[in-house]
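*Asks:* What follows is final-v8.cif; its format and atoms are mmCIF, C-alpha atoms and all ligand atoms.
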data_target
loop_
_atom_site.label_atom_id
_atom_site.label_comp_id
_atom_site.auth_asym_id
_atom_site.auth_seq_id
_atom_site.Cartn_x
_atom_site.Cartn_y
_atom_site.Cartn_z
CA MET N 22 0.00 0.00 0.00
CA THR N 23 1.31 3.40 -0.81
CA VAL N 24 1.43 5.63 2.19
CA ASP N 25 3.04 9.02 2.24
CA GLY N 26 4.81 10.39 5.23
CA ALA N 27 3.89 14.04 5.17
CA LEU N 28 1.17 15.37 7.38
CA ASP N 29 -0.35 17.95 5.17
CA THR N 30 -3.50 20.01 5.33
CA ALA N 31 -3.30 20.58 1.58
CA ASN N 32 -4.28 16.95 1.37
CA GLN N 33 -1.43 15.42 -0.52
CA ASP N 34 -1.25 11.69 -0.60
CA PRO N 35 0.61 8.76 -2.09
CA ALA N 36 2.93 9.87 -4.85
CA ASP N 37 0.70 8.59 -7.54
CA ASP N 38 1.48 6.78 -10.60
CA ALA N 39 -1.80 4.88 -10.42
CA VAL N 40 -5.21 6.40 -11.06
CA PRO N 41 -6.97 6.71 -7.69
CA ALA N 42 -9.98 4.47 -7.10
CA LEU N 43 -11.77 7.54 -5.75
CA SER N 44 -10.82 11.13 -6.24
CA LEU N 45 -12.63 14.13 -4.77
CA SER N 46 -11.85 17.69 -5.70
CA GLY N 47 -13.30 20.88 -4.34
CA ILE N 48 -16.31 19.17 -2.76
CA THR N 49 -18.60 21.84 -1.33
CA VAL N 50 -22.08 21.18 0.09
CA ARG N 51 -24.33 23.74 1.75
CA PHE N 52 -27.60 23.32 3.60
CA GLY N 53 -29.16 26.76 3.45
CA GLY N 54 -26.80 28.93 5.45
CA ILE N 55 -24.72 26.02 6.78
CA THR N 56 -21.63 24.97 4.88
CA ALA N 57 -21.42 21.26 5.64
CA LEU N 58 -18.39 20.71 3.38
CA GLN N 59 -15.96 23.30 2.09
CA ASP N 60 -13.50 22.48 -0.71
CA VAL N 61 -12.72 18.91 0.33
CA ASN N 62 -10.00 17.18 -1.69
CA LEU N 63 -9.16 13.50 -1.22
CA ARG N 64 -7.63 10.63 -3.07
CA LEU N 65 -8.14 7.01 -2.20
CA HIS N 66 -6.15 4.24 -3.86
CA ALA N 67 -6.98 0.62 -4.60
CA GLY N 68 -6.22 -1.51 -1.56
CA GLU N 69 -5.99 1.46 0.76
CA VAL N 70 -8.00 1.93 3.95
CA LEU N 71 -8.50 5.60 4.68
CA GLY N 72 -10.07 6.68 7.95
CA LEU N 73 -12.33 9.71 8.11
CA ILE N 74 -12.71 11.13 11.59
CA GLY N 75 -13.98 14.34 13.10
CA PRO N 76 -16.41 15.59 15.71
CA ASN N 77 -20.17 15.29 15.31
CA GLY N 78 -21.39 17.61 12.59
CA ALA N 79 -17.98 17.73 10.89
CA GLY N 80 -19.56 16.62 7.59
CA LYS N 81 -18.56 12.95 7.42
CA THR N 82 -21.97 11.55 6.53
CA THR N 83 -22.60 14.43 4.13
CA LEU N 84 -19.34 13.54 2.39
CA PHE N 85 -20.52 9.94 2.02
CA ASP N 86 -23.83 11.18 0.63
CA ALA N 87 -21.96 13.39 -1.84
CA ILE N 88 -19.69 10.54 -2.96
CA SER N 89 -22.49 8.02 -3.31
CA GLY N 90 -24.71 10.41 -5.26
CA ILE N 91 -27.60 10.96 -2.89
CA ARG N 92 -26.60 14.56 -2.13
CA LEU N 93 -26.02 17.16 -4.83
CA LEU N 94 -22.85 19.22 -4.68
CA ASN N 95 -22.73 22.99 -4.69
CA ALA N 96 -19.30 22.63 -6.21
CA GLY N 97 -16.67 19.99 -6.86
CA ARG N 98 -16.04 16.78 -8.67
CA VAL N 99 -16.21 13.07 -7.83
CA GLU N 100 -14.21 10.58 -9.89
CA LEU N 101 -14.27 6.80 -9.75
CA ALA N 102 -11.24 5.14 -11.34
CA GLY N 103 -10.49 8.37 -13.20
CA GLN N 104 -14.02 8.78 -14.58
CA ASP N 105 -16.07 11.81 -13.68
CA VAL N 106 -19.27 10.56 -12.01
CA THR N 107 -20.38 13.89 -10.53
CA ARG N 108 -23.54 13.92 -12.63
CA LEU N 109 -24.35 10.22 -12.34
CA THR N 110 -27.13 8.87 -10.14
CA ALA N 111 -26.42 6.75 -7.07
CA VAL N 112 -27.43 3.60 -8.97
CA ARG N 113 -25.00 4.31 -11.81
CA ARG N 114 -22.22 4.93 -9.33
CA ALA N 115 -23.05 1.63 -7.66
CA ARG N 116 -22.74 -0.10 -11.01
CA ARG N 117 -19.24 1.28 -11.24
CA GLY N 118 -18.32 -0.58 -8.08
CA LEU N 119 -19.14 1.94 -5.36
CA ARG N 120 -20.83 0.55 -2.24
CA ARG N 121 -21.71 2.05 1.11
CA THR N 122 -23.26 1.28 4.45
CA PHE N 123 -25.34 3.76 6.43
CA GLN N 124 -24.87 5.29 9.84
CA ARG N 125 -28.51 4.40 10.49
CA VAL N 126 -28.75 0.84 9.26
CA GLN N 127 -30.85 0.34 6.14
CA THR N 128 -31.75 -3.25 5.42
CA PHE N 129 -34.91 -4.71 3.91
CA GLY N 130 -36.41 -5.54 7.29
CA TRP N 131 -39.09 -7.89 5.98
CA LEU N 132 -36.66 -10.00 3.95
CA SER N 133 -34.51 -12.76 5.36
CA VAL N 134 -30.85 -12.07 5.98
CA GLU N 135 -29.99 -14.34 3.06
CA ASP N 136 -32.37 -12.55 0.69
CA ASN N 137 -31.03 -9.17 1.75
CA VAL N 138 -27.59 -10.24 0.62
CA LEU N 139 -28.86 -11.99 -2.49
CA ALA N 140 -30.74 -8.83 -3.46
CA ALA N 141 -27.43 -7.00 -3.63
CA LEU N 142 -26.42 -9.34 -6.47
CA GLU N 143 -29.80 -9.21 -8.12
CA TRP N 144 -29.26 -6.33 -10.53
CA GLN N 145 -26.78 -8.34 -12.60
CA GLY N 146 -29.83 -10.33 -13.58
CA GLY N 147 -29.96 -13.57 -15.46
CA GLY N 148 -31.49 -11.96 -18.53
CA GLY N 149 -34.46 -13.41 -20.33
CA GLY N 150 -37.08 -12.35 -17.80
CA LEU N 151 -40.14 -14.40 -16.99
CA VAL N 152 -39.84 -16.82 -19.90
CA ALA N 153 -36.29 -17.66 -18.95
CA ASP N 154 -37.41 -18.11 -15.36
CA LEU N 155 -40.11 -20.57 -16.42
CA VAL N 156 -37.94 -22.48 -18.85
CA SER N 157 -35.04 -22.21 -16.46
CA PHE N 158 -32.14 -22.46 -18.86
CA PRO N 159 -29.26 -24.53 -17.53
CA THR N 160 -26.87 -21.58 -17.71
CA ARG N 161 -29.34 -19.61 -15.67
CA ARG N 162 -29.58 -22.33 -13.06
CA ALA N 163 -25.82 -22.54 -12.89
CA ARG N 164 -25.59 -18.79 -12.42
CA GLU N 165 -28.22 -18.93 -9.71
CA ALA N 166 -26.29 -21.70 -7.94
CA ARG N 167 -23.09 -19.65 -8.12
CA ARG N 168 -24.88 -16.66 -6.66
CA ARG N 169 -26.27 -18.68 -3.78
CA GLU N 170 -22.81 -20.09 -3.16
CA ARG N 171 -21.30 -16.62 -3.05
CA VAL N 172 -24.02 -15.44 -0.68
CA ALA N 173 -23.41 -18.42 1.62
CA GLU N 174 -19.69 -17.68 1.63
CA VAL N 175 -20.19 -14.02 2.54
CA LEU N 176 -22.77 -14.87 5.23
CA GLU N 177 -20.22 -17.21 6.80
CA LEU N 178 -17.47 -14.57 6.63
CA CYS N 179 -19.76 -12.05 8.30
CA GLY N 180 -20.88 -14.43 11.06
CA LEU N 181 -24.46 -14.57 9.77
CA THR N 182 -24.90 -18.22 8.81
CA SER N 183 -26.92 -19.14 11.89
CA VAL N 184 -29.39 -16.27 11.36
CA ARG N 185 -29.61 -16.49 7.58
CA ARG N 186 -33.32 -17.34 7.57
CA GLU N 187 -34.38 -14.71 10.09
CA SER N 188 -35.91 -11.47 8.93
CA ALA N 189 -33.30 -8.72 8.87
CA GLY N 190 -35.62 -6.40 10.79
CA SER N 191 -35.69 -8.73 13.79
CA LEU N 192 -31.92 -8.70 14.35
CA PRO N 193 -30.05 -6.81 17.06
CA ILE N 194 -28.13 -3.81 15.76
CA GLY N 195 -24.73 -5.55 15.72
CA LEU N 196 -25.97 -8.29 13.40
CA ALA N 197 -27.99 -5.85 11.30
CA ARG N 198 -24.77 -3.91 10.66
CA MET N 199 -23.10 -7.13 9.56
CA VAL N 200 -25.98 -7.71 7.12
CA GLU N 201 -25.30 -4.29 5.64
CA LEU N 202 -21.63 -5.14 5.37
CA ALA N 203 -22.42 -8.47 3.72
CA ARG N 204 -24.60 -6.69 1.18
CA ALA N 205 -21.88 -4.18 0.47
CA ILE N 206 -19.10 -6.73 -0.07
CA VAL N 207 -20.93 -9.61 -1.76
CA ASP N 208 -20.40 -8.12 -5.19
CA THR N 209 -16.69 -7.26 -4.73
CA PRO N 210 -16.81 -3.47 -4.73
CA GLN N 211 -13.99 -1.26 -5.99
CA VAL N 212 -14.71 1.45 -3.45
CA LEU N 213 -16.42 0.80 -0.13
CA LEU N 214 -17.73 3.54 2.16
CA LEU N 215 -18.43 2.46 5.74
CA ASP N 216 -20.30 4.93 7.96
CA GLU N 217 -19.72 4.21 11.68
CA PRO N 218 -19.74 0.44 11.14
CA THR N 219 -18.70 -0.56 14.68
CA SER N 220 -21.46 1.38 16.37
CA GLY N 221 -23.56 -1.16 18.30
CA LEU N 222 -21.12 -4.01 17.64
CA ASP N 223 -19.69 -6.07 20.46
CA GLU N 224 -15.99 -6.89 20.71
CA THR N 225 -16.19 -10.11 18.66
CA GLU N 226 -18.27 -8.46 15.95
CA ALA N 227 -15.92 -5.49 15.74
CA THR N 228 -12.93 -7.83 15.41
CA ARG N 229 -14.72 -9.73 12.65
CA LEU N 230 -15.56 -6.48 10.90
CA GLY N 231 -11.90 -5.46 11.03
CA GLU N 232 -10.90 -8.79 9.50
CA ARG N 233 -13.41 -8.36 6.66
CA ILE N 234 -12.08 -4.87 5.94
CA GLN N 235 -8.56 -6.20 5.74
CA ASP N 236 -9.49 -9.18 3.49
CA ILE N 237 -11.42 -7.07 1.08
CA ARG N 238 -8.62 -4.59 0.63
CA ARG N 239 -5.96 -7.31 0.34
CA GLN N 240 -7.79 -9.89 -1.70
CA GLU N 241 -9.92 -7.67 -3.88
CA GLY N 242 -7.83 -4.50 -3.86
CA CYS N 243 -10.90 -2.62 -2.75
CA ALA N 244 -10.40 0.96 -1.56
CA VAL N 245 -12.11 1.56 1.79
CA LEU N 246 -13.17 4.87 3.30
CA LEU N 247 -14.03 4.36 6.95
CA VAL N 248 -15.96 6.81 9.10
CA GLU N 249 -15.61 5.72 12.68
CA HIS N 250 -15.97 7.23 16.13
CA ASP N 251 -13.94 4.42 17.73
CA VAL N 252 -10.55 6.03 17.38
CA GLY N 253 -8.68 2.87 18.44
CA PHE N 254 -10.39 0.89 15.68
CA VAL N 255 -9.54 3.56 13.10
CA MET N 256 -5.91 3.69 14.18
CA ARG N 257 -5.59 -0.10 13.84
CA GLN N 258 -7.39 -0.48 10.52
CA CYS N 259 -6.24 2.49 8.48
CA ASP N 260 -3.18 3.34 6.41
CA ARG N 261 -3.97 7.02 6.53
CA ILE N 262 -6.46 9.17 8.35
CA VAL N 263 -8.23 12.33 7.26
CA VAL N 264 -9.55 14.65 9.94
CA LEU N 265 -12.59 16.72 9.05
CA HIS N 266 -13.48 19.71 11.17
CA LEU N 267 -16.38 22.06 10.45
CA GLY N 268 -16.57 20.77 6.89
CA GLU N 269 -12.91 21.24 6.09
CA VAL N 270 -9.92 18.92 6.01
CA LEU N 271 -7.87 19.72 9.08
CA ALA N 272 -5.16 17.09 8.62
CA VAL N 273 -4.16 14.00 6.65
CA GLY N 274 -1.53 11.53 7.79
CA GLU N 275 -0.61 8.13 9.09
CA PRO N 276 -2.20 7.14 12.40
CA PRO N 277 0.78 8.09 14.64
CA GLU N 278 1.07 11.50 12.97
CA ILE N 279 -2.61 12.16 13.48
CA GLN N 280 -2.40 11.12 17.12
CA ALA N 281 0.53 13.48 17.64
CA ASN N 282 -0.98 16.43 15.75
CA ALA N 283 -1.76 19.30 18.11
CA ALA N 284 -4.54 20.82 16.01
CA VAL N 285 -6.23 17.43 15.74
CA ARG N 286 -5.95 16.80 19.45
CA ALA N 287 -7.47 20.16 20.20
CA ALA N 288 -10.32 19.72 17.74
CA TYR N 289 -11.15 16.12 18.29
CA LEU N 290 -9.03 13.64 20.12
CA GLY N 291 -8.91 15.61 23.34
CA ASP N 292 -6.58 14.10 25.85
CA ASP N 293 -7.43 10.43 25.57
N1 LIG N 301 -30.26 17.22 5.67
C1 LIG N 301 -29.67 18.23 6.30
N2 LIG N 301 -30.23 19.46 6.37
C2 LIG N 301 -29.61 20.48 7.00
N3 LIG N 301 -28.42 20.39 7.59
C3 LIG N 301 -27.80 19.19 7.54
C4 LIG N 301 -28.40 18.05 6.91
N4 LIG N 301 -27.54 16.99 7.03
C5 LIG N 301 -26.49 17.47 7.71
N5 LIG N 301 -26.63 18.78 8.02
C6 LIG N 301 -25.65 19.62 8.72
O1 LIG N 301 -24.42 19.48 8.05
C7 LIG N 301 -23.35 19.39 8.98
C8 LIG N 301 -22.61 18.07 8.77
O2 LIG N 301 -23.44 16.97 9.21
P1 LIG N 301 -23.03 15.45 9.03
O3 LIG N 301 -22.53 15.26 7.66
O4 LIG N 301 -24.17 14.62 9.47
O5 LIG N 301 -21.82 15.35 10.08
P2 LIG N 301 -21.13 14.06 10.72
O6 LIG N 301 -21.55 12.84 9.95
O7 LIG N 301 -19.67 14.35 10.63
O8 LIG N 301 -21.58 14.03 12.16
C9 LIG N 301 -23.96 19.58 10.34
O9 LIG N 301 -23.88 20.93 10.68
C10 LIG N 301 -25.40 19.14 10.13
O10 LIG N 301 -26.24 19.77 11.06
MG MG N 302 -22.42 11.04 10.54
#
Translate the structure described by the file into structure tokens.
Ligand SMILES: Nc1ncnc2c1ncn2[C@@H]1O[C@H](COP(=O)(O)OP(=O)(O)O)[C@@H](O)[C@H]1O
Ligand SMILES: [Mg+2]

*Replies:*
Amino acid sequence: MTVDGALDTANQDPADDAVPALSLSGITVRFGGITALQDVNLRLHAGEVLGLIGPNGAGKTTLFDAISGIRLLNAGRVELAGQDVTRLTAVRRARRGLRRTFQRVQTFGWLSVEDNVLAALEWQGGGGGLVADLVSFPTRRAREARRRERVAEVLELCGLTSVRRESAGSLPIGLARMVELARAIVDTPQVLLLDEPTSGLDETEATRLGERIQDIRRQEGCAVLLVEHDVGFVMRQCDRIVVLHLGEVLAVGEPPEIQANAAVRAAYLGDD
């Protein structure tokens, strides 16, 4: 993983030969009189885990909304793998390999855990519609079997096998978050945005989540942007950390640099 040494509020990062998986330039979002994000610039590379921290109201969730296409920008540009997606809908961005989870969990509560995850693969479709379903072409059946296999594998990795037939809405928050994660990773994303994923997780679940983050970046080369209030978790999981404060990037650096940064400590980390 490329990691640069310099702590730099101008938001430099790995000396890049490669095209970043995600590139943000000049991202500005206002809500009426409030500027939630002001000229945010970021680059995230394949296989990199970048932490995004900052006090409540710093603009972290708004940044995720802006990247994923559910919040319009007042200014700026979002690129996925070098392609400008600023004007694309959330669905089109998802088709280019962008996935996210939500700070307030959003699963299909009435569907089983298994079907929630399967639904995330559904858009690829088998083609052929109803007729193909009725005739059930062998290639279609094989594809279906492969999909079920992939879902089973991801459920196992996320610790959900024993609850796979329960409705997602009936699960405690820790497991519901794992369902969201399973949905986000089942289709091997290129860029994964995780919004406060450890919130409500117990120790074992948080450890498992950390392992999944590390596999997906290593095995799939996925780029991960992690918003997290658990500073210890962020420090362990991330190559670099970005600190947002009042909608602006206050600092970027490796975990030890961020921990030692006086401005960051004052704004966020306090004395712990
Ligand atoms: N839908 C909204 N309407 C008005 N203001 C909003 C809305 N969403 C967020 N904000 C404001 O934007 C700022 C950033 O919020 P948010 O992105 O949720 O921060 P964070 O996720 O870092 O806690 C805050 O001042 C918040 O009050
Ligand atoms: Mg938030």

*Asks:* In the coordinate frame of the file, compute which residues have an atom within 9 Å of (-6.9, -1.9, 5.2) when using only C-alpha atoms, and state them as a list in words.

*Replies:* Met22, Gly68, Glu69, Val70, Leu71, Gly231, Ile234, Gln235, Asp236, Ile237, Arg238, Arg239, Cys243, Ala244, Val245, Arg257, Gln258, Cys259 and Asp260 of chain N

*Asks:* Taking only residues of chain N that have an atom at most 7 Å from an atom of ligand LIG 301 (chain N), what is each one's shortest atom pair and its distance in Å to one decimal, using only C-alpha atoms and all ligand atoms, in chain and number order, as a tab-separated table?

*Replies:*
residue	atom	partner	partner_atom	distance
N:Phe52	CA	N:LIG301	C2	4.9
N:Ile55	CA	N:LIG301	O9	6.5
N:Thr56	CA	N:LIG301	O1	6.9
N:Ala57	CA	N:LIG301	O1	4.2
N:Gly75	CA	N:LIG301	O7	6.2
N:Pro76	CA	N:LIG301	O7	6.2
N:Asn77	CA	N:LIG301	O8	3.7
N:Gly78	CA	N:LIG301	O5	3.4
N:Ala79	CA	N:LIG301	O7	3.8
N:Gly80	CA	N:LIG301	O3	3.3
N:Lys81	CA	N:LIG301	O7	3.7
N:Thr82	CA	N:LIG301	O6	3.7
N:Thr83	CA	N:LIG301	O3	3.6
N:Leu84	CA	N:LIG301	O3	6.4
N:Gly268	CA	N:LIG301	C8	6.9

*Asks:* So that I can check the surroundings of N:Thr122, please list as a PDB file with C-alpha atoms, in the coordinates of the input every protein, DNA and RNA residue that reaches within 9 Å of it, counting all atoms listed in the file and ignoring chain neighbours fewer than 2 positions away.

*Replies:*
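Written out: out-v2.pdb:
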ATOM      1  CA  ARG N 120     -20.830   0.550  -2.240  1.00  0.00           C
ATOM      2  CA  GLN N 124     -24.870   5.290   9.840  1.00  0.00           C
ATOM      3  CA  ARG N 125     -28.510   4.400  10.490  1.00  0.00           C
ATOM      4  CA  VAL N 126     -28.750   0.840   9.260  1.00  0.00           C
ATOM      5  CA  GLN N 127     -30.850   0.340   6.140  1.00  0.00           C
ATOM      6  CA  ARG N 198     -24.770  -3.910  10.660  1.00  0.00           C
ATOM      7  CA  GLU N 201     -25.300  -4.290   5.640  1.00  0.00           C
ATOM      8  CA  LEU N 202     -21.630  -5.140   5.370  1.00  0.00           C
ATOM      9  CA  ARG N 204     -24.600  -6.690   1.180  1.00  0.00           C
ATOM     10  CA  ALA N 205     -21.880  -4.180   0.470  1.00  0.00           C
ATOM     11  CA  LEU N 213     -16.420   0.800  -0.130  1.00  0.00           C
ATOM     12  CA  LEU N 214     -17.730   3.540   2.160  1.00  0.00           C
ATOM     13  CA  LEU N 215     -18.430   2.460   5.740  1.00  0.00           C
ATOM     14  CA  ASP N 216     -20.300   4.930   7.960  1.00  0.00           C
ATOM     15  CA  GLU N 217     -19.720   4.210  11.680  1.00  0.00           C
ATOM     16  CA  PRO N 218     -19.740   0.440  11.140  1.00  0.00           C
TER      17      PRO N 218
END

*Asks:* Name all residues at most 9 Å from N:Ala284 (count only C-alpha atoms; drop same-chain ones fewer than 3 positions away) and give them as a list in words.

*Replies:* Leu271, Ala272, Ala287, Ala288 and Tyr289 of chain N

*Asks:* Write the residues you've just listed into a file as a short mmCIF file (atom, residue, chain, number, x, y, z; two decimals), in the coordinates of the input, and include C-alpha atoms for each of them.

*Replies:*
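The result, stored in selection-v6.cif:
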data_model
loop_
_atom_site.label_atom_id
_atom_site.label_comp_id
_atom_site.auth_asym_id
_atom_site.auth_seq_id
_atom_site.Cartn_x
_atom_site.Cartn_y
_atom_site.Cartn_z
CA LEU N 271 -7.87 19.72 9.08
CA ALA N 272 -5.16 17.09 8.62
CA ALA N 287 -7.47 20.16 20.20
CA ALA N 288 -10.32 19.72 17.74
CA TYR N 289 -11.15 16.12 18.29
#

*Asks:* Would you mind reading off the distance between atom CA of N:Arg261 and atom CA of N:Pro276, one decimal, in Å?

*Replies:*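 Computing it gives 6.1 Å between the two atoms.
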
*Asks:* For ligand MG 302 (chain N), which of N:Ala189, N:Arg161, N:Val50, N:Ile74 is the closest residue, counting all atoms listed in the file?

*Replies:*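 Checking each of N:Ala189, N:Arg161, N:Val50, N:Ile74 against ligand MG 302 (chain N), counting all atoms listed in the file, the winner is N:Ile74.
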
*Asks:* Generate the missing atoms of stretch 232-244 of chain N up to N, CA and C atoms and report them as a CSV table (one decimal), keeping the file's coordinate frame.

*Replies:*
chain,number,residue,atom,x,y,z
N,232,GLU,N,-11.5,-7.8,10.4
N,232,GLU,CA,-10.9,-8.8,9.5
N,232,GLU,C,-11.5,-8.7,8.1
N,233,ARG,N,-12.8,-8.5,8.0
N,233,ARG,CA,-13.4,-8.4,6.7
N,233,ARG,C,-12.8,-7.2,5.9
N,234,ILE,N,-12.6,-6.1,6.6
N,234,ILE,CA,-12.1,-4.9,5.9
N,234,ILE,C,-10.7,-5.2,5.4
N,235,GLN,N,-9.9,-5.9,6.2
N,235,GLN,CA,-8.6,-6.2,5.7
N,235,GLN,C,-8.6,-7.2,4.6
N,236,ASP,N,-9.5,-8.2,4.6
N,236,ASP,CA,-9.5,-9.2,3.5
N,236,ASP,C,-9.9,-8.5,2.2
N,237,ILE,N,-10.9,-7.6,2.3
N,237,ILE,CA,-11.4,-7.1,1.1
N,237,ILE,C,-10.4,-6.1,0.4
N,238,ARG,N,-9.6,-5.4,1.2
N,238,ARG,CA,-8.6,-4.6,0.6
N,238,ARG,C,-7.4,-5.4,0.1
N,239,ARG,N,-7.1,-6.5,0.8
N,239,ARG,CA,-6.0,-7.3,0.3
N,239,ARG,C,-6.3,-8.2,-0.8
N,240,GLN,N,-7.4,-8.9,-0.7
N,240,GLN,CA,-7.8,-9.9,-1.7
N,240,GLN,C,-8.4,-9.3,-2.9
N,241,GLU,N,-9.2,-8.2,-2.7
N,241,GLU,CA,-9.9,-7.7,-3.9
N,241,GLU,C,-9.3,-6.3,-4.3
N,242,GLY,N,-8.4,-5.8,-3.5
N,242,GLY,CA,-7.8,-4.5,-3.9
N,242,GLY,C,-8.8,-3.4,-3.7
N,243,CYS,N,-9.9,-3.6,-2.9
N,243,CYS,CA,-10.9,-2.6,-2.8
N,243,CYS,C,-10.3,-1.4,-2.0
N,244,ALA,N,-10.8,-0.2,-2.3
N,244,ALA,CA,-10.4,1.0,-1.6
N,244,ALA,C,-11.5,1.2,-0.5
